[in-house]
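Asker: Next up, run_6.pdb (PDB, C-alpha atoms, pLDDT in the B column).
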ATOM      1  CA  MET A 686     120.662 115.073 149.346  1.00 40.00           C
ATOM      2  CA  LEU A 687     121.273 111.590 150.644  1.00 41.00           C
ATOM      3  CA  GLU A 688     123.099 112.684 153.813  1.00 45.00           C
ATOM      4  CA  SER A 689     119.920 113.024 155.872  1.00 47.00           C
ATOM      5  CA  TRP A 690     118.762 109.633 154.615  1.00 43.00           C
ATOM      6  CA  VAL A 691     122.073 108.012 155.575  1.00 43.00           C
ATOM      7  CA  ASN A 692     121.870 109.484 159.092  1.00 48.00           C
ATOM      8  CA  GLN A 693     118.288 108.312 159.495  1.00 51.00           C
ATOM      9  CA  ALA A 694     119.187 104.874 158.199  1.00 48.00           C
ATOM     10  CA  ALA A 695     122.053 104.566 160.670  1.00 46.00           C
ATOM     11  CA  GLY A 696     119.688 105.243 163.538  1.00 46.00           C
ATOM     12  CA  LEU A 697     117.212 102.653 162.340  1.00 49.00           C
ATOM     13  CA  GLN A 698     119.744  99.924 161.666  1.00 46.00           C
ATOM     14  CA  GLY A 699     120.586  99.590 165.350  1.00 43.00           C
ATOM     15  CA  ILE A 700     117.036  98.622 166.274  1.00 44.00           C
ATOM     16  CA  ALA A 701     115.761  96.957 163.117  1.00 45.00           C
ATOM     17  CA  LEU A 702     116.872  93.424 163.936  1.00 41.00           C
ATOM     18  CA  GLN A 703     115.522  93.627 167.492  1.00 48.00           C
ATOM     19  CA  ALA A 704     112.072  94.949 166.610  1.00 61.00           C
ATOM     20  CA  THR A 705     109.032  92.734 166.361  1.00 79.00           C
ATOM     21  CA  PRO A 706     108.157  91.830 162.754  1.00 88.00           C
ATOM     22  CA  ARG A 707     106.035  94.458 161.045  1.00 93.00           C
ATOM     23  CA  VAL A 708     103.599  93.930 158.197  1.00 96.00           C
ATOM     24  CA  MET A 709     103.225  96.010 155.057  1.00 97.00           C
ATOM     25  CA  ALA A 710     101.041  95.284 152.053  1.00 98.00           C
ATOM     26  CA  MET A 711     101.016  95.883 148.319  1.00 97.00           C
ATOM     27  CA  ALA A 712      97.836  95.519 146.292  1.00 97.00           C
ATOM     28  CA  SER A 713      98.155  93.594 143.037  1.00 95.00           C
ATOM     29  CA  HIS A 714      95.636  94.648 140.410  1.00 93.00           C
ATOM     30  CA  GLY A 715      96.762  92.950 137.227  1.00 78.00           C
ATOM     31  CA  HIS A 716      99.712  95.089 136.125  1.00 66.00           C
ATOM     32  CA  GLN A 717     102.718  93.280 137.524  1.00 66.00           C
ATOM     33  CA  GLN A 718     105.077  94.886 135.005  1.00 67.00           C
ATOM     34  CA  GLY A 719     104.545  98.099 136.935  1.00 72.00           C
ATOM     35  CA  GLU A 720     104.167  96.600 140.406  1.00 88.00           C
ATOM     36  CA  LEU A 721     107.043  94.143 140.641  1.00 89.00           C
ATOM     37  CA  PRO A 722     109.982  96.440 139.814  1.00 89.00           C
ATOM     38  CA  LEU A 723     108.735  98.882 142.441  1.00 91.00           C
ATOM     39  CA  LEU A 724     108.245  96.082 144.964  1.00 93.00           C
ATOM     40  CA  TRP A 725     111.797  94.821 144.421  1.00 92.00           C
ATOM     41  CA  ARG A 726     113.281  98.325 144.808  1.00 92.00           C
ATOM     42  CA  LEU A 727     111.252  98.857 147.978  1.00 94.00           C
ATOM     43  CA  CYS A 728     112.444  95.554 149.455  1.00 94.00           C
ATOM     44  CA  ALA A 729     116.060  96.365 148.609  1.00 92.00           C
ATOM     45  CA  THR A 730     115.736  99.751 150.317  1.00 93.00           C
ATOM     46  CA  LEU A 731     114.241  98.199 153.460  1.00 94.00           C
ATOM     47  CA  ALA A 732     116.943  95.520 153.505  1.00 93.00           C
ATOM     48  CA  ASP A 733     119.637  98.191 153.237  1.00 90.00           C
ATOM     49  CA  LEU A 734     118.113  99.806 156.326  1.00 89.00           C
ATOM     50  CA  GLY A 735     118.756  96.609 158.246  1.00 90.00           C
ATOM     51  CA  TYR A 736     115.288  95.060 158.005  1.00 93.00           C
ATOM     52  CA  PRO A 737     115.330  91.431 156.825  1.00 93.00           C
ATOM     53  CA  VAL A 738     112.380  91.347 154.414  1.00 96.00           C
ATOM     54  CA  MET A 739     110.031  88.498 153.519  1.00 96.00           C
ATOM     55  CA  VAL A 740     107.529  88.934 150.683  1.00 97.00           C
ATOM     56  CA  LEU A 741     104.466  86.688 150.954  1.00 98.00           C
ATOM     57  CA  ASP A 742     103.292  86.347 147.360  1.00 97.00           C
ATOM     58  CA  ALA A 743      99.578  85.558 147.252  1.00 97.00           C
ATOM     59  CA  ASN A 744      99.792  85.240 143.470  1.00 95.00           C
ATOM     60  CA  ALA A 745     102.000  82.134 143.764  1.00 96.00           C
ATOM     61  CA  LEU A 746     100.603  78.756 144.832  1.00 97.00           C
ATOM     62  CA  GLU A 747     102.428  76.489 147.234  1.00 97.00           C
ATOM     63  CA  SER A 748     103.038  72.861 146.264  1.00 95.00           C
ATOM     64  CA  ALA A 749     105.159  69.899 147.266  1.00 92.00           C
ATOM     65  CA  ASP A 750     107.736  70.967 144.685  1.00 93.00           C
ATOM     66  CA  ASN A 751     107.403  74.645 145.556  1.00 93.00           C
ATOM     67  CA  PRO A 752     106.754  74.821 149.317  1.00 95.00           C
ATOM     68  CA  GLY A 753     105.830  78.099 150.917  1.00 96.00           C
ATOM     69  CA  LEU A 754     103.744  79.659 153.658  1.00 97.00           C
ATOM     70  CA  LEU A 755     101.239  76.798 153.860  1.00 96.00           C
ATOM     71  CA  GLN A 756     103.990  74.341 154.706  1.00 95.00           C
ATOM     72  CA  ARG A 757     105.512  76.675 157.290  1.00 95.00           C
ATOM     73  CA  LEU A 758     102.142  77.107 158.995  1.00 94.00           C
ATOM     74  CA  ALA A 759     101.957  73.307 159.201  1.00 93.00           C
ATOM     75  CA  GLY A 760     105.290  73.258 161.004  1.00 89.00           C
ATOM     76  CA  GLU A 761     107.321  71.894 158.119  1.00 85.00           C
ATOM     77  CA  PRO A 762     110.858  73.253 158.068  1.00 72.00           C
ATOM     78  CA  GLY A 763     111.557  75.735 155.314  1.00 64.00           C
ATOM     79  CA  ARG A 764     114.794  76.261 153.486  1.00 60.00           C
ATOM     80  CA  SER A 765     117.499  78.104 155.370  1.00 53.00           C
ATOM     81  CA  ASP A 766     117.154  81.799 154.570  1.00 54.00           C
ATOM     82  CA  ASP A 767     120.462  83.660 154.376  1.00 48.00           C
ATOM     83  CA  LEU A 768     119.586  86.608 156.583  1.00 50.00           C
ATOM     84  CA  ASP A 769     123.223  87.521 157.164  1.00 47.00           C
ATOM     85  CA  GLU A 770     123.808  88.580 153.573  1.00 54.00           C
ATOM     86  CA  PRO A 771     123.660  92.396 153.342  1.00 49.00           C
ATOM     87  CA  GLY A 772     120.666  93.642 151.375  1.00 55.00           C
ATOM     88  CA  ALA A 773     119.108  90.177 151.221  1.00 71.00           C
ATOM     89  CA  TRP A 774     115.380  89.582 151.084  1.00 88.00           C
ATOM     90  CA  SER A 775     113.205  86.577 150.301  1.00 94.00           C
ATOM     91  CA  VAL A 776     109.959  85.681 148.505  1.00 96.00           C
ATOM     92  CA  LEU A 777     107.629  82.890 149.653  1.00 97.00           C
ATOM     93  CA  PRO A 778     104.704  81.387 147.692  1.00 97.00           C
ATOM     94  CA  SER A 779     101.721  82.134 149.933  1.00 98.00           C
ATOM     95  CA  ALA A 780      98.361  81.885 148.158  1.00 98.00           C
ATOM     96  CA  LEU A 781      97.052  78.914 150.157  1.00 97.00           C
ATOM     97  CA  GLY A 782      98.688  79.914 153.426  1.00 97.00           C
ATOM     98  CA  LEU A 783      97.172  83.388 153.420  1.00 97.00           C
ATOM     99  CA  GLN A 784      93.793  81.903 152.516  1.00 96.00           C
ATOM    100  CA  GLN A 785      94.096  79.595 155.526  1.00 95.00           C
ATOM    101  CA  LEU A 786      94.969  82.474 157.848  1.00 95.00           C
ATOM    102  CA  ALA A 787      91.953  84.457 156.652  1.00 92.00           C
ATOM    103  CA  SER A 788      89.569  81.535 157.130  1.00 91.00           C
ATOM    104  CA  GLN A 789      90.812  80.580 160.606  1.00 86.00           C
ATOM    105  CA  ALA A 790      90.768  84.056 162.163  1.00 75.00           C
ATOM    106  CA  SER A 791      88.229  84.704 164.906  1.00 70.00           C
ATOM    107  CA  ARG A 792      86.729  87.863 166.354  1.00 65.00           C
ATOM    108  CA  HIS A 793      89.388  87.801 169.069  1.00 63.00           C
ATOM    109  CA  THR A 794      92.476  87.327 166.880  1.00 76.00           C
ATOM    110  CA  ARG A 795      93.991  89.103 163.913  1.00 85.00           C
ATOM    111  CA  PRO A 796      94.385  86.911 160.821  1.00 91.00           C
ATOM    112  CA  LEU A 797      98.123  87.561 160.544  1.00 93.00           C
ATOM    113  CA  ASP A 798      99.082  87.004 164.192  1.00 87.00           C
ATOM    114  CA  PRO A 799     100.421  83.455 163.541  1.00 90.00           C
ATOM    115  CA  LEU A 800     103.074  84.944 161.266  1.00 93.00           C
ATOM    116  CA  GLY A 801     104.906  86.210 164.350  1.00 88.00           C
ATOM    117  CA  ASN A 802     105.819  82.625 165.137  1.00 89.00           C
ATOM    118  CA  VAL A 803     106.280  81.413 161.579  1.00 92.00           C
ATOM    119  CA  LEU A 804     108.573  84.257 160.467  1.00 91.00           C
ATOM    120  CA  PRO A 805     110.229  85.474 163.692  1.00 88.00           C
ATOM    121  CA  ASN A 806     113.562  86.389 162.117  1.00 88.00           C
ATOM    122  CA  TYR A 807     112.213  88.983 159.704  1.00 92.00           C
ATOM    123  CA  GLY A 808     111.914  92.678 160.409  1.00 93.00           C
ATOM    124  CA  VAL A 809     109.377  93.386 157.682  1.00 96.00           C
ATOM    125  CA  VAL A 810     106.804  91.070 156.104  1.00 96.00           C
ATOM    126  CA  VAL A 811     105.259  92.354 152.876  1.00 98.00           C
ATOM    127  CA  ILE A 812     101.909  90.879 151.807  1.00 98.00           C
ATOM    128  CA  TYR A 813     101.652  91.049 147.998  1.00 97.00           C
ATOM    129  CA  ALA A 814      98.048  90.189 147.141  1.00 97.00           C
ATOM    130  CA  ARG A 815      94.920  91.233 145.322  1.00 97.00           C
ATOM    131  CA  ALA A 816      92.522  93.621 147.040  1.00 97.00           C
ATOM    132  CA  GLU A 817      89.998  90.942 147.971  1.00 96.00           C
ATOM    133  CA  VAL A 818      92.698  89.039 149.870  1.00 96.00           C
ATOM    134  CA  LEU A 819      93.930  92.143 151.684  1.00 97.00           C
ATOM    135  CA  THR A 820      90.402  93.016 152.815  1.00 96.00           C
ATOM    136  CA  GLN A 821      90.184  89.613 154.498  1.00 95.00           C
ATOM    137  CA  LEU A 822      93.606  89.814 156.118  1.00 96.00           C
ATOM    138  CA  LEU A 823      93.772  93.471 157.214  1.00 95.00           C
ATOM    139  CA  PRO A 824      90.290  94.654 158.241  1.00 91.00           C
ATOM    140  CA  GLY A 825      90.433  97.778 160.371  1.00 84.00           C
ATOM    141  CA  SER A 826      94.230  97.894 160.484  1.00 89.00           C
ATOM    142  CA  ARG A 827      96.274 101.069 160.108  1.00 88.00           C
ATOM    143  CA  ILE A 828      98.224  99.577 157.234  1.00 95.00           C
ATOM    144  CA  GLU A 829      98.201 101.689 154.070  1.00 96.00           C
ATOM    145  CA  PRO A 830      98.552  99.121 151.263  1.00 97.00           C
ATOM    146  CA  LEU A 831     100.737 100.295 148.408  1.00 97.00           C
ATOM    147  CA  LEU A 832      98.670 100.793 145.250  1.00 96.00           C
ATOM    148  CA  THR A 833     100.404 101.581 141.959  1.00 94.00           C
ATOM    149  CA  VAL A 834      99.143 103.533 138.961  1.00 92.00           C
ATOM    150  CA  SER A 835     101.165 103.234 135.758  1.00 86.00           C
ATOM    151  CA  PRO A 836     100.877 104.362 132.130  1.00 82.00           C
ATOM    152  CA  VAL A 837      99.699 100.846 131.248  1.00 79.00           C
ATOM    153  CA  LYS A 838      96.275 100.867 129.604  1.00 78.00           C
ATOM    154  CA  MET A 839      93.425 100.351 132.110  1.00 87.00           C
ATOM    155  CA  SER A 840      95.766 100.784 135.098  1.00 89.00           C
ATOM    156  CA  SER A 841      93.669 103.578 136.602  1.00 91.00           C
ATOM    157  CA  VAL A 842      90.493 101.510 136.167  1.00 92.00           C
ATOM    158  CA  THR A 843      91.804  98.416 137.931  1.00 94.00           C
ATOM    159  CA  ALA A 844      93.465 100.600 140.573  1.00 95.00           C
ATOM    160  CA  TYR A 845      90.116 102.269 141.267  1.00 96.00           C
ATOM    161  CA  GLN A 846      88.413  98.887 141.625  1.00 96.00           C
ATOM    162  CA  ALA A 847      91.084  97.818 144.138  1.00 97.00           C
ATOM    163  CA  LEU A 848      90.822 101.138 145.998  1.00 97.00           C
ATOM    164  CA  LYS A 849      87.044 100.892 146.245  1.00 97.00           C
ATOM    165  CA  GLN A 850      87.146  97.350 147.575  1.00 97.00           C
ATOM    166  CA  MET A 851      89.822  98.037 150.182  1.00 97.00           C
ATOM    167  CA  LEU A 852      88.268 101.298 151.348  1.00 96.00           C
ATOM    168  CA  LEU A 853      84.641 100.176 151.590  1.00 96.00           C
ATOM    169  CA  GLU A 854      85.108  96.588 152.761  1.00 95.00           C
ATOM    170  CA  ALA A 855      88.011  96.973 155.197  1.00 95.00           C
ATOM    171  CA  GLY A 856      88.581 100.674 155.799  1.00 95.00           C
ATOM    172  CA  LEU A 857      92.025 100.440 154.209  1.00 96.00           C
ATOM    173  CA  LYS A 858      93.377 103.747 152.888  1.00 96.00           C
ATOM    174  CA  PRO A 859      96.145 102.941 150.422  1.00 96.00           C
ATOM    175  CA  THR A 860      99.350 104.786 149.678  1.00 96.00           C
ATOM    176  CA  VAL A 861      99.234 105.472 145.940  1.00 95.00           C
ATOM    177  CA  ALA A 862     102.418 105.428 143.855  1.00 94.00           C
ATOM    178  CA  ASN A 863     102.235 107.083 140.454  1.00 92.00           C
ATOM    179  CA  ILE A 864     104.814 105.286 138.289  1.00 88.00           C
ATOM    180  CA  SER A 865     106.667 107.711 136.018  1.00 81.00           C
ATOM    181  CA  VAL A 866     108.592 106.251 133.067  1.00 71.00           C
ATOM    182  CA  THR A 867     111.136 107.700 130.656  1.00 62.00           C
ATOM    183  CA  SER A 868     110.997 107.240 126.896  1.00 55.00           C
ATOM    184  CA  ARG A 869     113.930 105.956 124.859  1.00 53.00           C
ATOM    185  CA  SER A 870     114.752 109.522 123.901  1.00 52.00           C
ATOM    186  CA  GLY A 871     115.189 110.373 127.573  1.00 52.00           C
ATOM    187  CA  ARG A 872     112.000 112.384 127.883  1.00 54.00           C
ATOM    188  CA  ALA A 873     109.698 111.816 130.812  1.00 51.00           C
ATOM    189  CA  MET A 874     106.454 110.366 129.525  1.00 53.00           C
ATOM    190  CA  THR A 875     103.186 112.029 130.553  1.00 47.00           C
ATOM    191  CA  THR A 876     101.814 109.894 133.369  1.00 55.00           C
ATOM    192  CA  GLN A 877      99.576 112.335 135.219  1.00 69.00           C
ATOM    193  CA  LEU A 878      96.429 111.446 133.278  1.00 80.00           C
ATOM    194  CA  PRO A 879      95.970 107.942 134.815  1.00 86.00           C
ATOM    195  CA  VAL A 880      96.498 109.091 138.400  1.00 90.00           C
ATOM    196  CA  HIS A 881      94.314 112.170 137.868  1.00 91.00           C
ATOM    197  CA  HIS A 882      91.588 109.898 136.551  1.00 92.00           C
ATOM    198  CA  LEU A 883      91.895 107.756 139.669  1.00 94.00           C
ATOM    199  CA  GLN A 884      91.767 110.816 141.931  1.00 94.00           C
ATOM    200  CA  GLU A 885      88.703 112.202 140.170  1.00 95.00           C
ATOM    201  CA  CYS A 886      86.845 108.877 140.417  1.00 95.00           C
ATOM    202  CA  ALA A 887      87.770 108.484 144.092  1.00 96.00           C
ATOM    203  CA  MET A 888      86.371 111.918 144.905  1.00 96.00           C
ATOM    204  CA  ALA A 889      83.282 111.676 142.695  1.00 96.00           C
ATOM    205  CA  PHE A 890      82.140 108.178 143.620  1.00 96.00           C
ATOM    206  CA  LEU A 891      83.693 107.538 147.033  1.00 96.00           C
ATOM    207  CA  GLY A 892      84.009 111.045 148.460  1.00 96.00           C
ATOM    208  CA  TYR A 893      87.650 110.234 149.109  1.00 95.00           C
ATOM    209  CA  ARG A 894      90.546 112.612 148.501  1.00 95.00           C
ATOM    210  CA  LEU A 895      93.493 110.657 147.198  1.00 93.00           C
ATOM    211  CA  ASP A 896      97.109 111.828 147.334  1.00 92.00           C
ATOM    212  CA  ALA A 897      99.821 110.191 145.253  1.00 92.00           C
ATOM    213  CA  LEU A 898     103.596 109.913 145.387  1.00 92.00           C
ATOM    214  CA  THR A 899     105.439 110.007 142.057  1.00 90.00           C
ATOM    215  CA  ILE A 900     108.030 107.255 141.625  1.00 89.00           C
ATOM    216  CA  GLN A 901     110.544 107.227 138.774  1.00 82.00           C
ATOM    217  CA  ALA A 902     110.526 103.731 137.294  1.00 68.00           C
ATOM    218  CA  GLN A 903     113.807 103.459 135.369  1.00 59.00           C
ATOM    219  CA  GLN A 904     116.491 103.585 138.035  1.00 58.00           C
ATOM    220  CA  PRO A 905     119.408 101.208 138.679  1.00 56.00           C
ATOM    221  CA  GLU A 906     118.527  98.699 141.389  1.00 55.00           C
ATOM    222  CA  ASP A 907     121.522  99.712 143.504  1.00 54.00           C
ATOM    223  CA  VAL A 908     120.685 103.439 143.435  1.00 56.00           C
ATOM    224  CA  VAL A 909     118.795 104.795 146.455  1.00 59.00           C
ATOM    225  CA  THR A 910     116.544 107.656 145.339  1.00 79.00           C
ATOM    226  CA  ASP A 911     114.556 110.199 147.298  1.00 85.00           C
ATOM    227  CA  ASP A 912     111.206 108.946 146.023  1.00 90.00           C
ATOM    228  CA  ILE A 913     111.838 105.370 147.168  1.00 92.00           C
ATOM    229  CA  GLN A 914     113.169 106.645 150.497  1.00 91.00           C
ATOM    230  CA  ARG A 915     110.000 108.608 151.151  1.00 92.00           C
ATOM    231  CA  LEU A 916     107.839 105.676 150.149  1.00 95.00           C
ATOM    232  CA  ALA A 917     109.701 103.227 152.392  1.00 95.00           C
ATOM    233  CA  MET A 918     109.478 105.532 155.407  1.00 94.00           C
ATOM    234  CA  ARG A 919     105.778 106.186 154.881  1.00 94.00           C
ATOM    235  CA  LEU A 920     105.001 102.473 154.686  1.00 96.00           C
ATOM    236  CA  LEU A 921     107.147 101.767 157.757  1.00 95.00           C
ATOM    237  CA  GLU A 922     105.304 104.382 159.779  1.00 94.00           C
ATOM    238  CA  ASN A 923     101.998 102.635 159.094  1.00 94.00           C
ATOM    239  CA  ALA A 924     103.204  99.039 159.271  1.00 95.00           C
ATOM    240  CA  MET A 925     101.416  96.688 161.680  1.00 93.00           C
ATOM    241  CA  PRO A 926     103.517  94.970 164.378  1.00 92.00           C
ATOM    242  CA  LEU A 927     102.907  91.282 164.908  1.00 87.00           C
ATOM    243  CA  GLY A 928     102.282  89.975 168.424  1.00 69.00           C
ATOM    244  CA  ARG A 929     105.017  87.405 168.309  1.00 53.00           C
ATOM    245  CA  GLN A 930     105.446  86.866 172.080  1.00 43.00           C
ATOM    246  CA  MET A 931     101.714  86.638 172.707  1.00 42.00           C
ATOM    247  CA  THR A 932     101.327  84.154 169.868  1.00 37.00           C
ATOM    248  CA  ALA A 933     104.171  82.062 171.213  1.00 37.00           C
ATOM    249  CA  ARG A 934     102.558  81.809 174.665  1.00 36.00           C
ATOM    250  CA  ASN A 935      99.303  80.665 173.078  1.00 40.00           C
ATOM    251  CA  HIS A 936     101.145  77.782 171.526  1.00 38.00           C
TER     252      HIS A 936
END
Turn this file's structure into C-alpha cells for me.

Answerer:
Amino acid sequence: MLESWVNQAAGLQGIALQATPRVMAMASHGHQQGELPLLWRLCATLADLGYPVMVLDANALESADNPGLLQRLAGEPGRSDDLDEPGAWSVLPSALGLQQLASQASRHTRPLDPLGNVLPNYGVVVIYARAEVLTQLLPGSRIEPLLTVSPVKMSSVTAYQALKQMLLEAGLKPTVANISVTSRSGRAMTTQLPVHHLQECAMAFLGYRLDALTIQAQQPEDVVTDDIQRLAMRLLENAMPLGRQMTARNH
C-alpha cells in the first residue's frame, strides 16, 4: 500500500527544499502525552519527504541558557542546525518570541511574516501552542491546526474548549486526530466515545460539523503508516506560505 506514497514522496522531494517555508500548527490543550508522540511522528514523516522541519514550541520559555525564537528575532545567531542529516528536524523554545510576533503585528502584516527571514532554511515550520496563542498568530488564515482527542480523561472537554476558541475568535477550522491506542493484550481500546462527544458538542453548541481522522498511537517511529501519511498531506495542503522575499526587502 505504500507504493503510491513512495511515488508521491519522490515527486515532492525535488521541490521541497526550494519552496518557501510553510507554516502548520498544532493546538496544545493539556494532554501532551497524546500530542507529543503524534507531533514527533508527523515531523519525521515530513522530514522524510524532504522538508526540513522546525517546531516552534510555545510551551517552552527562552532564556540565556536556553535560547530560542526570541533570540533569533533579535538577530542573535542560533546554533548550527544540521539540515543535511536525513530525517532531521529541530525544536526551538518559542513562548516569548511568538508572544512578541503577536503583539507587534499590524493590520497590514501577518504576525508570522518575520519568520521567513528568521528561519529561511526550513521547508515546514510547525507552531505548537495553546489555542489562545494560535488565535493571535493565525487569524483568518487557511491553516487547519491539528487538534488531538485521546482516551485520556477530560481530553474531549479540553479539545472542545480549544476548538471553540479557535473557531469563534479566529475562524480556524482544525483537523482533528482521534488517537487510537492498543491495550497490553493487543486489543484496540475503545476510543470513539471521546471524539463522538466532541463532535456532538461542536454540532449542538457551535453548529459545526466536525470530521476526525483516526491515528494509531503505538507504532514504531521509523514505520510510515497510511494514517500519518494522510494527516501529513492534509496539513501540507492547508499550510500557509511565508512571504520570505517580501520580508527581506522590507528589512

Asker: Could you check which of A:Asn802, A:Gln901, A:Ser788, A:Gln850 is closest to Ala712 in chain A, using only C-alpha atoms?

Answerer: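 Among the listed residues, A:Gln850 lies closest to Ala712 in chain A.
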
Asker: Counting all atoms listed in the file, write as number ranges by chain all protein and nucleic acid residues lying at most 10 Å from (98.5, 101.1, 133.2) in the file's frame.

Answerer: A: 715-719, 833-844, 864, 876, 879-880

Asker: Could you save the residues just selected, with C-alpha atoms, as a short mmCIF file (atom, residue, chain, number, x, y, z; two decimals), keeping the file's coordinate frame?

Answerer:
data_model
loop_
_atom_site.label_atom_id
_atom_site.label_comp_id
_atom_site.auth_asym_id
_atom_site.auth_seq_id
_atom_site.Cartn_x
_atom_site.Cartn_y
_atom_site.Cartn_z
CA GLY A 715 96.76 92.95 137.23
CA HIS A 716 99.71 95.09 136.12
CA GLN A 717 102.72 93.28 137.52
CA GLN A 718 105.08 94.89 135.00
CA GLY A 719 104.54 98.10 136.94
CA THR A 833 100.40 101.58 141.96
CA VAL A 834 99.14 103.53 138.96
CA SER A 835 101.16 103.23 135.76
CA PRO A 836 100.88 104.36 132.13
CA VAL A 837 99.70 100.85 131.25
CA LYS A 838 96.28 100.87 129.60
CA MET A 839 93.42 100.35 132.11
CA SER A 840 95.77 100.78 135.10
CA SER A 841 93.67 103.58 136.60
CA VAL A 842 90.49 101.51 136.17
CA THR A 843 91.80 98.42 137.93
CA ALA A 844 93.46 100.60 140.57
CA ILE A 864 104.81 105.29 138.29
CA THR A 876 101.81 109.89 133.37
CA PRO A 879 95.97 107.94 134.82
CA VAL A 880 96.50 109.09 138.40
#

Asker: Which residue is closest to Gly825 in chain A? Choose from A:Val811, A:Leu724, A:Leu852, A:Ile900 and count all atoms listed in the file.

Answerer: A:Leu852

Asker: On this structure, the PyMOL selection byres ((chain A and resi 732-741) around 6) would catch which residues? List them as a short mmCIF file (atom, residue, chain, number, x, y, z; two decimals) with C-alpha atoms, keeping the file's coordinate frame, sorted by chain and number.

Answerer:
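Generated file (out-v9.cif):
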data_model
loop_
_atom_site.label_atom_id
_atom_site.label_comp_id
_atom_site.auth_asym_id
_atom_site.auth_seq_id
_atom_site.Cartn_x
_atom_site.Cartn_y
_atom_site.Cartn_z
CA ALA A 694 119.19 104.87 158.20
CA GLN A 698 119.74 99.92 161.67
CA ALA A 701 115.76 96.96 163.12
CA ALA A 729 116.06 96.36 148.61
CA THR A 730 115.74 99.75 150.32
CA LEU A 731 114.24 98.20 153.46
CA ASP A 742 103.29 86.35 147.36
CA GLY A 772 120.67 93.64 151.38
CA TRP A 774 115.38 89.58 151.08
CA SER A 775 113.20 86.58 150.30
CA VAL A 776 109.96 85.68 148.50
CA LEU A 777 107.63 82.89 149.65
CA SER A 779 101.72 82.13 149.93
CA TYR A 807 112.21 88.98 159.70
CA GLY A 808 111.91 92.68 160.41
CA VAL A 809 109.38 93.39 157.68
CA VAL A 810 106.80 91.07 156.10
CA VAL A 811 105.26 92.35 152.88
CA ILE A 812 101.91 90.88 151.81
CA TYR A 813 101.65 91.05 148.00
#

Asker: Could you tell me how far CA of Lys858 in chain A lies from CA of Cys728 in chain A, in Å and to one decimal?

Answerer: 21.0 Å

Asker: Taking into account all atoms listed in the file, which residue in the set A:Leu883, A:Ala889, A:Leu804, A:Ala780 is nearest to Val708 in chain A?

Answerer: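 Smallest distance to Val708 in chain A is found for A:Leu804.
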
Asker: Apply the PyMOL selection byres ((chain A and resi 921-923) around 9) to the structure shown and report the selected residues as a list of chain:residue names.

Answerer: A:Arg707, A:Val708, A:Met709, A:Val809, A:Arg827, A:Ile828, A:Glu829, A:Leu916, A:Ala917, A:Met918, A:Arg919, A:Leu920, A:Ala924, A:Met925

Asker: Apply the PyMOL selection byres ((chain A and resi 783) around 12) to the displayed file and report the matching residues as a PyMOL selection string.

Answerer: chain A and resi 741-747+753-758+777-782+784-790+796-800+812-815+817-823

Asker: By how many Å are CA of Leu853 in chain A and CA of His882 in chain A apart?

Answerer: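 If I compute the distance from CA of Leu853 in chain A to CA of His882 in chain A, I get 19.2 Å.
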
Asker: With distances taken over all atoms listed in the file, which residue among A:Pro830, A:Thr860, A:Trp725, A:Pro824 lies nearest Ser713 in chain A?

Answerer: A:Pro830

Asker: So the first atom is CA of Thr794 in chain A and the second is CA of Ser748 in chain A; what is the distance between them in Å, to one decimal place?

Answerer: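 Interatomic distance, CA of Thr794 in chain A to CA of Ser748 in chain A: 27.3 Å.
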
Asker: Quick one: residues within 10 Å of Asp896 in chain A, all atoms listed in the file, excluding same-chain residues fewer than 4 positions away - as a compact mmCIF listing (two decimals) with C-alpha atoms, in the coordinates of the input?

Answerer:
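As written to disk, out_12.txt reads:
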# COMPACT_ATOMS: atom_id res chain seq x y z
CA PRO A 859 96.14 102.94 150.42
CA THR A 860 99.35 104.79 149.68
CA VAL A 861 99.23 105.47 145.94
CA ALA A 862 102.42 105.43 143.85
CA ASN A 863 102.24 107.08 140.45
CA VAL A 880 96.50 109.09 138.40
CA HIS A 881 94.31 112.17 137.87
CA GLN A 884 91.77 110.82 141.93

Asker: With distances taken over all atoms listed in the file, which of A:Asn806, A:Ala816, A:Asp912, A:Met851 is nearest to Pro706 in chain A?

Answerer: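 Nearest to Pro706 in chain A: A:Asn806.
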
Asker: Kindly complete range 708-717 of chain A to N, CA and C atoms; the output should be written as an mmCIF file, keeping the file's coordinate frame.

Answerer:
data_model
loop_
_atom_site.group_PDB
_atom_site.id
_atom_site.type_symbol
_atom_site.label_atom_id
_atom_site.label_comp_id
_atom_site.auth_asym_id
_atom_site.auth_seq_id
_atom_site.Cartn_x
_atom_site.Cartn_y
_atom_site.Cartn_z
ATOM 1 N N VAL A 708 104.241 94.312 159.453
ATOM 2 C CA VAL A 708 103.599 93.930 158.197
ATOM 3 C C VAL A 708 103.274 95.145 157.357
ATOM 4 N N MET A 709 103.653 95.064 156.080
ATOM 5 C CA MET A 709 103.225 96.010 155.057
ATOM 6 C C MET A 709 102.413 95.231 154.025
ATOM 7 N N ALA A 710 101.813 95.956 153.102
ATOM 8 C CA ALA A 710 101.041 95.284 152.053
ATOM 9 C C ALA A 710 101.171 96.041 150.747
ATOM 10 N N MET A 711 101.072 95.293 149.655
ATOM 11 C CA MET A 711 101.016 95.883 148.319
ATOM 12 C C MET A 711 99.883 95.227 147.571
ATOM 13 N N ALA A 712 98.993 96.035 147.011
ATOM 14 C CA ALA A 712 97.836 95.519 146.292
ATOM 15 C C ALA A 712 98.215 95.215 144.853
ATOM 16 N N SER A 713 97.946 93.989 144.424
ATOM 17 C CA SER A 713 98.155 93.594 143.037
ATOM 18 C C SER A 713 96.836 93.759 142.289
ATOM 19 N N HIS A 714 96.886 94.477 141.166
ATOM 20 C CA HIS A 714 95.636 94.648 140.410
ATOM 21 C C HIS A 714 95.835 94.416 138.912
ATOM 22 N N GLY A 715 96.680 93.422 138.599
ATOM 23 C CA GLY A 715 96.762 92.950 137.227
ATOM 24 C C GLY A 715 97.810 93.596 136.358
ATOM 25 N N HIS A 716 98.679 94.428 136.926
ATOM 26 C CA HIS A 716 99.712 95.089 136.125
ATOM 27 C C HIS A 716 101.070 94.872 136.779
ATOM 28 N N GLN A 717 101.501 93.616 136.802
ATOM 29 C CA GLN A 717 102.718 93.280 137.524
ATOM 30 C C GLN A 717 103.960 93.893 136.907
#
